[in-house]
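For reference, entry_32.txt is printed below; it contains compact mmCIF, C-alpha atoms.
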```
# COMPACT_ATOMS: atom_id res chain seq x y z
CA MET A 14 0.00 0.00 0.00
CA PRO A 15 1.43 3.46 -0.92
CA ASP A 16 2.51 5.64 1.92
CA ASN A 17 -0.02 8.54 2.16
CA GLU A 18 2.48 10.61 4.11
CA SER A 19 4.63 10.93 1.02
CA ASN A 20 2.06 13.36 -0.40
CA VAL A 21 2.15 15.51 2.71
CA GLU A 22 4.67 18.33 3.07
CA LYS A 23 6.03 19.44 6.37
CA SER A 24 5.23 23.06 7.15
CA PRO A 25 7.94 25.44 8.39
CA GLY A 26 6.44 25.26 11.88
CA GLY A 27 6.69 21.50 12.02
CA SER A 28 3.02 20.72 11.28
CA SER A 29 1.92 18.91 8.17
CA GLY A 30 -0.10 20.43 5.36
CA ILE A 31 -1.09 19.66 1.79
CA ASN A 32 1.55 20.65 -0.76
CA SER A 33 0.44 23.88 -2.44
CA SER A 34 1.87 26.12 -5.11
CA THR A 35 0.48 29.26 -3.46
CA PRO A 36 3.21 31.92 -3.64
CA GLU A 37 4.38 33.62 -0.50
CA VAL A 38 3.07 37.13 0.03
CA GLU A 39 5.89 39.62 0.24
CA VAL A 40 5.50 42.13 3.04
CA PRO A 41 6.08 45.68 1.77
CA LYS A 42 9.20 47.35 3.08
CA LEU A 43 8.67 50.79 4.50
CA SER A 44 10.84 53.61 3.25
CA THR A 45 10.42 55.25 6.66
CA ASN A 46 10.28 54.00 10.22
CA MET A 47 6.86 55.54 10.86
CA SER A 48 3.74 53.80 12.10
CA LEU A 49 0.33 53.96 10.47
CA LYS A 50 -0.77 56.36 13.22
CA ALA A 51 2.02 58.76 12.28
CA TYR A 52 0.95 58.64 8.64
CA LEU A 53 -2.67 59.32 9.58
CA VAL A 54 -1.65 62.35 11.64
CA LEU A 55 0.54 63.71 8.86
CA VAL A 56 -2.09 63.22 6.14
CA ALA A 57 -4.83 64.75 8.30
CA VAL A 58 -2.81 67.79 9.38
CA GLY A 59 -1.31 68.14 5.91
CA ALA A 60 -4.70 68.02 4.20
CA PHE A 61 -6.05 70.58 6.68
CA GLY A 62 -3.12 72.97 6.41
CA THR A 63 -2.76 72.89 2.62
CA THR A 64 -6.50 73.40 2.14
CA PHE A 65 -7.53 75.72 4.98
CA ALA A 66 -4.63 78.17 4.55
CA GLN A 67 -4.99 78.59 0.78
CA GLN A 68 -5.47 82.11 -0.55
CA LYS A 69 -8.49 80.98 -2.56
CA VAL A 70 -10.07 79.38 0.54
CA LEU A 71 -9.36 81.18 3.82
CA GLY A 72 -7.91 84.25 2.11
CA HIS A 73 -10.44 84.63 -0.69
CA TYR A 74 -12.73 87.23 0.90
CA PRO A 75 -10.01 89.13 2.80
CA THR A 76 -7.81 89.34 -0.30
CA THR A 77 -10.71 90.34 -2.56
CA PHE A 78 -11.85 93.07 -0.17
CA LEU A 79 -8.27 94.32 0.14
CA LEU A 80 -7.89 94.56 -3.63
CA LYS A 81 -11.21 96.37 -4.01
CA GLU A 82 -10.97 98.77 -1.08
CA GLN A 83 -7.21 99.35 -0.73
CA PHE A 84 -6.17 99.31 -4.38
CA LYS A 85 -9.53 100.13 -6.04
CA ILE A 86 -9.17 97.24 -8.49
CA GLY A 87 -12.04 96.15 -10.72
CA GLN A 88 -13.44 92.66 -11.17
CA GLN A 89 -11.41 91.85 -14.28
CA ASP A 90 -8.13 92.84 -12.63
CA ILE A 91 -9.04 90.86 -9.50
CA ALA A 92 -9.66 87.80 -11.65
CA MET A 93 -6.28 88.30 -13.31
CA PHE A 94 -4.64 88.64 -9.88
CA TYR A 95 -6.03 85.28 -8.75
CA PHE A 96 -5.11 83.74 -12.09
CA TRP A 97 -1.43 84.50 -11.63
CA VAL A 98 -1.15 83.84 -7.88
CA THR A 99 -2.77 80.40 -8.20
CA PHE A 100 -1.09 79.47 -11.49
CA ALA A 101 1.44 77.27 -9.67
CA TRP A 102 -1.34 74.78 -8.92
CA ASN A 103 -1.56 74.06 -12.66
CA LEU A 104 2.06 72.89 -12.52
CA LYS A 105 1.64 70.63 -9.49
CA PRO A 106 2.83 67.50 -11.40
CA ILE A 107 6.22 69.21 -11.78
CA ALA A 108 6.46 69.42 -8.00
CA GLY A 109 5.87 65.68 -7.85
CA ILE A 110 8.66 65.05 -10.35
CA LEU A 111 11.06 67.31 -8.42
CA THR A 112 10.36 65.71 -5.04
CA ASP A 113 10.99 62.24 -6.46
CA ALA A 114 14.02 63.10 -8.59
CA PHE A 115 15.86 65.59 -6.38
CA PRO A 116 15.97 64.71 -2.65
CA ILE A 117 16.81 67.57 -0.29
CA PHE A 118 19.27 66.70 2.49
CA GLY A 119 18.72 63.03 1.68
CA THR A 120 14.92 63.02 1.94
CA ARG A 121 12.06 63.20 -0.57
CA ARG A 122 9.32 64.10 1.90
CA ARG A 123 10.51 65.58 5.20
CA HIS A 124 12.48 68.60 4.03
CA TYR A 125 10.16 69.43 1.13
CA MET A 126 7.26 69.48 3.59
CA LEU A 127 9.22 71.62 6.05
CA MET A 128 10.28 74.09 3.37
CA GLY A 129 6.80 74.18 1.87
CA SER A 130 4.87 74.73 5.11
CA LEU A 131 7.33 77.10 6.80
CA GLY A 132 7.96 78.96 3.55
CA ALA A 133 4.23 79.45 2.98
CA ALA A 134 3.85 80.72 6.56
CA ALA A 135 6.71 83.19 6.02
CA PHE A 136 5.20 84.51 2.79
CA TRP A 137 1.81 84.99 4.46
CA VAL A 138 3.62 87.26 6.93
CA PHE A 139 5.38 88.95 4.01
CA MET A 140 1.97 89.56 2.38
CA ALA A 141 0.64 91.13 5.58
CA LEU A 142 3.64 93.43 5.86
CA GLY A 143 3.28 94.41 2.21
CA SER A 144 -0.50 94.64 2.14
CA SER A 145 -0.29 98.35 1.31
CA ASN A 146 1.88 97.68 -1.75
CA TYR A 147 0.30 95.85 -4.70
CA GLN A 148 3.59 94.50 -6.10
CA MET A 149 4.62 93.07 -2.72
CA LEU A 150 1.20 91.52 -2.24
CA LEU A 151 1.31 89.94 -5.69
CA LEU A 152 4.87 88.64 -5.29
CA GLY A 153 4.19 87.25 -1.81
CA SER A 154 1.00 85.57 -3.01
CA ILE A 155 2.77 83.85 -5.93
CA LEU A 156 5.62 82.59 -3.75
CA MET A 157 3.26 81.47 -0.99
CA ASN A 158 1.22 79.41 -3.45
CA ILE A 159 4.37 77.78 -4.84
CA CYS A 160 5.32 76.68 -1.32
CA MET A 161 1.79 75.40 -0.73
CA VAL A 162 1.95 73.34 -3.92
CA PHE A 163 5.06 71.52 -2.68
CA ALA A 164 3.53 70.90 0.75
CA SER A 165 0.33 69.58 -0.84
CA THR A 166 2.33 67.35 -3.20
CA VAL A 167 4.27 65.81 -0.32
CA MET A 168 1.04 65.22 1.59
CA GLY A 169 -0.37 63.35 -1.42
CA GLY A 170 2.83 61.30 -1.63
CA LEU A 171 2.54 60.34 2.03
CA GLN A 172 -1.04 59.26 1.41
CA VAL A 173 -0.02 56.91 -1.40
CA GLU A 174 3.02 55.65 0.53
CA ALA A 175 0.96 54.80 3.61
CA GLY A 176 -1.78 53.14 1.56
CA GLN A 177 0.73 50.85 -0.15
CA ALA A 178 2.76 50.07 2.96
CA PHE A 179 -0.15 49.24 5.26
CA GLY A 180 -2.70 48.06 2.70
CA ALA A 181 -5.19 50.77 3.68
CA PRO A 182 -5.52 53.12 0.66
CA GLY A 183 -9.26 53.55 1.11
CA ARG A 184 -8.95 54.53 4.76
CA ILE A 185 -6.22 57.09 4.06
CA THR A 186 -8.10 58.56 1.08
CA ALA A 187 -11.33 58.83 3.06
CA LEU A 188 -9.49 60.67 5.84
CA ARG A 189 -7.97 63.13 3.38
CA GLN A 190 -11.26 63.78 1.62
CA PHE A 191 -13.10 64.33 4.91
CA VAL A 192 -10.50 66.80 6.20
CA GLN A 193 -10.34 68.71 2.91
CA THR A 194 -14.14 68.92 2.70
CA ALA A 195 -14.42 70.17 6.28
CA SER A 196 -11.64 72.69 5.67
CA GLY A 197 -13.31 73.87 2.47
CA VAL A 198 -16.48 74.63 4.44
CA ALA A 199 -14.95 76.17 7.58
CA ALA A 200 -12.25 78.32 5.96
CA PRO A 201 -14.50 80.51 3.73
CA TRP A 202 -16.81 81.07 6.69
CA MET A 203 -13.90 82.24 8.83
CA GLY A 204 -12.55 84.22 5.88
CA GLY A 205 -15.82 86.15 5.73
CA ILE A 206 -15.34 87.16 9.35
CA LEU A 207 -11.67 88.06 8.86
CA ALA A 208 -12.53 90.17 5.81
CA LYS A 209 -13.98 92.77 8.17
CA LYS A 210 -10.65 93.07 9.96
CA ALA A 211 -7.14 94.10 8.93
CA PHE A 212 -5.46 91.74 6.46
CA GLY A 213 -2.85 90.87 9.09
CA TYR A 214 -5.42 88.82 11.01
CA THR A 215 -5.96 86.57 8.00
CA ALA A 216 -2.24 86.21 7.46
CA GLY A 217 -1.76 85.41 11.15
CA VAL A 218 -4.36 82.63 11.14
CA ALA A 219 -2.98 81.10 7.94
CA ALA A 220 0.63 81.32 9.14
CA THR A 221 -0.30 79.70 12.47
CA VAL A 222 -1.94 76.77 10.68
CA LEU A 223 1.09 76.29 8.44
CA LEU A 224 3.54 76.59 11.33
CA THR A 225 1.56 73.86 13.08
CA LEU A 226 2.00 71.70 10.00
CA GLY A 227 5.74 72.34 10.17
CA VAL A 228 5.90 71.33 13.84
CA VAL A 229 3.89 68.16 13.18
CA THR A 230 6.29 67.34 10.34
CA LEU A 231 9.27 67.68 12.66
CA LEU A 232 7.66 65.41 15.24
CA PHE A 233 6.10 62.70 13.09
CA LEU A 234 7.81 62.58 9.68
CA LYS A 235 10.85 60.40 10.41
CA GLU A 236 12.08 59.64 6.92
CA LYS A 237 15.14 57.51 6.33
CA ARG A 238 17.89 59.35 4.52
CA ILE A 239 18.74 58.31 1.00
CA VAL A 240 22.34 57.17 0.81
CA LYS A 241 23.94 57.25 -2.63
CA VAL A 242 26.87 54.94 -3.16
CA ALA A 243 29.66 56.28 -5.35
CA ASN A 244 29.76 54.75 -8.85
CA GLU A 245 26.56 52.90 -8.08
CA VAL A 246 25.00 51.38 -11.18
CA GLY A 247 21.29 50.82 -10.89
CA PRO A 248 18.71 49.46 -13.29
CA GLY A 249 18.07 51.72 -16.25
CA ARG A 250 14.81 53.49 -16.78
CA PRO A 251 12.52 51.34 -18.92
CA LYS A 252 11.93 52.73 -22.36
CA TYR A 253 8.40 53.84 -23.12
CA THR A 254 7.02 55.04 -26.43
CA PRO A 255 3.61 56.76 -26.29
CA PRO A 256 1.01 55.35 -28.69
CA PRO A 257 0.63 57.32 -31.96
CA ALA A 258 -2.97 58.19 -31.06
CA MET A 259 -1.79 59.82 -27.81
CA ILE A 260 0.91 61.78 -29.60
CA ILE A 261 -1.60 63.05 -32.18
CA ALA A 262 -4.16 63.95 -29.47
CA VAL A 263 -1.62 65.82 -27.30
CA GLY A 264 -0.18 67.62 -30.33
CA THR A 265 -3.67 68.70 -31.41
CA LEU A 266 -4.49 69.98 -27.91
CA ILE A 267 -1.20 71.89 -27.75
CA ALA A 268 -2.00 73.55 -31.07
CA ILE A 269 -5.50 74.48 -29.83
CA SER A 270 -4.18 75.84 -26.54
CA ALA A 271 -1.47 77.84 -28.36
CA TRP A 272 -4.18 79.38 -30.52
CA ALA A 273 -6.22 80.14 -27.38
CA VAL A 274 -3.23 81.88 -25.77
CA LYS A 275 -3.02 84.25 -28.76
CA ASN A 276 -6.75 84.93 -28.66
CA PRO A 277 -7.62 87.55 -26.00
CA ASP A 278 -11.06 86.00 -25.41
CA PHE A 279 -9.61 82.57 -24.54
CA LYS A 280 -6.22 83.54 -23.09
CA LYS A 281 -7.14 82.70 -19.49
CA LEU A 282 -8.16 79.21 -20.57
CA GLY A 283 -5.30 78.69 -23.00
CA ILE A 284 -2.39 79.45 -20.63
CA PRO A 285 -3.23 76.86 -17.92
CA LEU A 286 -4.22 74.30 -20.56
CA LEU A 287 -0.93 74.78 -22.40
CA ALA A 288 1.00 74.53 -19.12
CA GLN A 289 -0.75 71.27 -18.21
CA LEU A 290 -0.05 69.80 -21.64
CA LEU A 291 3.64 70.74 -21.46
CA VAL A 292 3.84 69.03 -18.08
CA LEU A 293 2.21 65.95 -19.65
CA VAL A 294 4.81 65.97 -22.42
CA ALA A 295 7.61 66.18 -19.83
CA ILE A 296 6.16 63.18 -17.96
CA MET A 297 5.77 61.20 -21.19
```
Show how you would write the structure in this file as structure tokens.
Amino acid sequence: MPDNESNVEKSPGGSSGINSSTPEVEVPKLSTNMSLKAYLVLVAVGAFGTTFAQQKVLGHYPTTFLLKEQFKIGQQDIAMFYFWVTFAWNLKPIAGILTDAFPIFGTRRRHYMLMGSLGAAAFWVFMALGSSNYQMLLLGSILMNICMVFASTVMGGLQVEAGQAFGAPGRITALRQFVQTASGVAAPWMGGILAKKAFGYTAGVAATVLLTLGVVTLLFLKEKRIVKVANEVGPGRPKYTPPPAMIIAVGTLIAISAWAVKNPDFKKLGIPLLAQLLVLVAIM
């Protein structure tokens, strides 16, 4: 009689089990030494800070009232002001490329978040100090939004990183969406109240929120430093050729957006569209 035990494979723990070809599940390796709780805190505070303290959210009414009452600017010029100060958000994919390709002080998240949040706080203060000068207000607004874009990009990267590492992308995404929605409701309401006061109050609230984000980053974002070995040869970047249909479609859209930029009636639509398409071409 055949020995039935010959068809049974010993398990690593010493117990017997049926031989199976089920592959072992590889546990993801974290690029940081943070816990899921630390990621949740960072994503929540990051989503709140980069939404609540935006100039088009908390600062919308105070900035608009300042432009109308202090500088006597009409609606068309106000729209142009917001167009330029928020233009950096159209180039947000470039911030993602920079954070991945060019680590600062050996990190792709920690120092970009610190520079983004603290820089945005500093430029809010700069805007308050220069609120009586249109050029200073415009310059400070543009630079503040650039810093906010980097902070928001890092926060999104942390969301993806945590979702992959802990297998909880839905939970992290739901947290981010809830915080951003709540911030988008509370900030304009507070901005309406602050619009009745000096612009410095708005800048102070926004700077405080962003400084808090910087402190939370220092406490919770413990990213491992990237160590580059001299003469290290890594795997080459895989070659990718976009499909002809994609090339034709992007080329057509670039031509349309270039025409729109030259047309005064469609210039405001053409510039951000052209910028987005050029970013797409760079990614491709």
>> Calculated over all atoms listed in the file, which of the candidates A:Ala273, A:Val56, A:Met140, A:Val162 has the smallest distance to Asn103 of chain A?
In response: A:Val162
> Pick the closest to Arg184 of chain A from A:Tyr214, A:Tyr52, A:Trp202, A:Phe61: which is it, counting all atoms listed in the file?
Replying inline: A:Tyr52
> Which residues come within 8 Å of Gly59 of chain A, counting only C-alpha atoms, excluding same-chain residues fewer than 3 positions away, as an MDAnalysis selection string?
Replying inline: chainID A and resid 55:56 62:63 164:165 168 226
> Hey, can you check how far atom CA of Arg121 of chain A sits from atom CA of Phe65 of chain A?
Replying inline: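 So the two atoms, atom CA of Arg121 of chain A and atom CA of Phe65 of chain A, lie 23.9 Å apart.
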>> Report, in Å with one decimal, the straight-line distance from atom CA of Met93 of chain A to atom CA of Ser270 of chain A.
In response: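 Here the two named atoms are 18.3 Å from each other.
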> Can you tell me how far atom CA of Gln193 of chain A sits from atom CA of Pro75 of chain A, in Å to one decimal?
Replying inline: 20.4 Å
> Smallest atom-to-atom distance to Val228 of chain A: which of A:Thr99, A:Val54, A:Ala141, A:Ser154, using only C-alpha atoms?
Replying inline: A:Val54
> Could you name the residues that touch Thr186 of chain A at 9 Å or less, counting only C-alpha atoms, but leaving out those on the same chain fewer than 3 positions away, as a ChimeraX atom specification?
Replying inline: /A:172-173,176,181-183,189-191
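For the set A:Ala101, A:Met161, A:Leu152, A:Leu53, the residue with the smallest atom-to-atom gap to Phe139 of chain A is A:Leu152, counting only C-alpha atoms.
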> Which polymer residues, protein or nucleic acid, are no farther than 12 Å from (-9.4, 90.8, 7.7), counting all atoms listed in the file, as a ChimeraX atom specification?
Replying inline: /A:71-79,82,141,144,203-219
> Could you name the residues that touch Tyr95 of chain A at 9 Å or less, counting only C-alpha atoms, but leaving out those on the same chain fewer than 5 positions away, as an MDAnalysis selection string?
Replying inline: chainID A and resid 68:69 90 100
Might I get the box with edges along x, y and z of the file that holds all atoms of segment 88-102 of chain A listed there, padded by 3 Å on every side, given as centre and edge lengths in Å to one decimal, as AutoDock Vina command-line options?
```
--center_x -6.0 --center_y 83.8 --center_z -11.1 --size_x 20.9 --size_y 24.1 --size_z 12.4
```
Contact residues around Ala108 of chain A with all atoms listed in the file at 7 Å, ignoring same-chain residues under 3 positions, as a compact mmCIF listing (two decimals) with C-alpha atoms, keeping the file's coordinate frame:
```txt
# COMPACT_ATOMS: atom_id res chain seq x y z
CA LYS A 105 1.64 70.63 -9.49
CA LEU A 111 11.06 67.31 -8.42
CA THR A 112 10.36 65.71 -5.04
CA PHE A 163 5.06 71.52 -2.68
CA THR A 166 2.33 67.35 -3.20
```
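In terms of minimum interatomic distance to Trp137 of chain A, A:Ala66 ranks closest within A:Lys81, A:Ala66, A:Phe179, A:Gly169, counting all atoms listed in the file.
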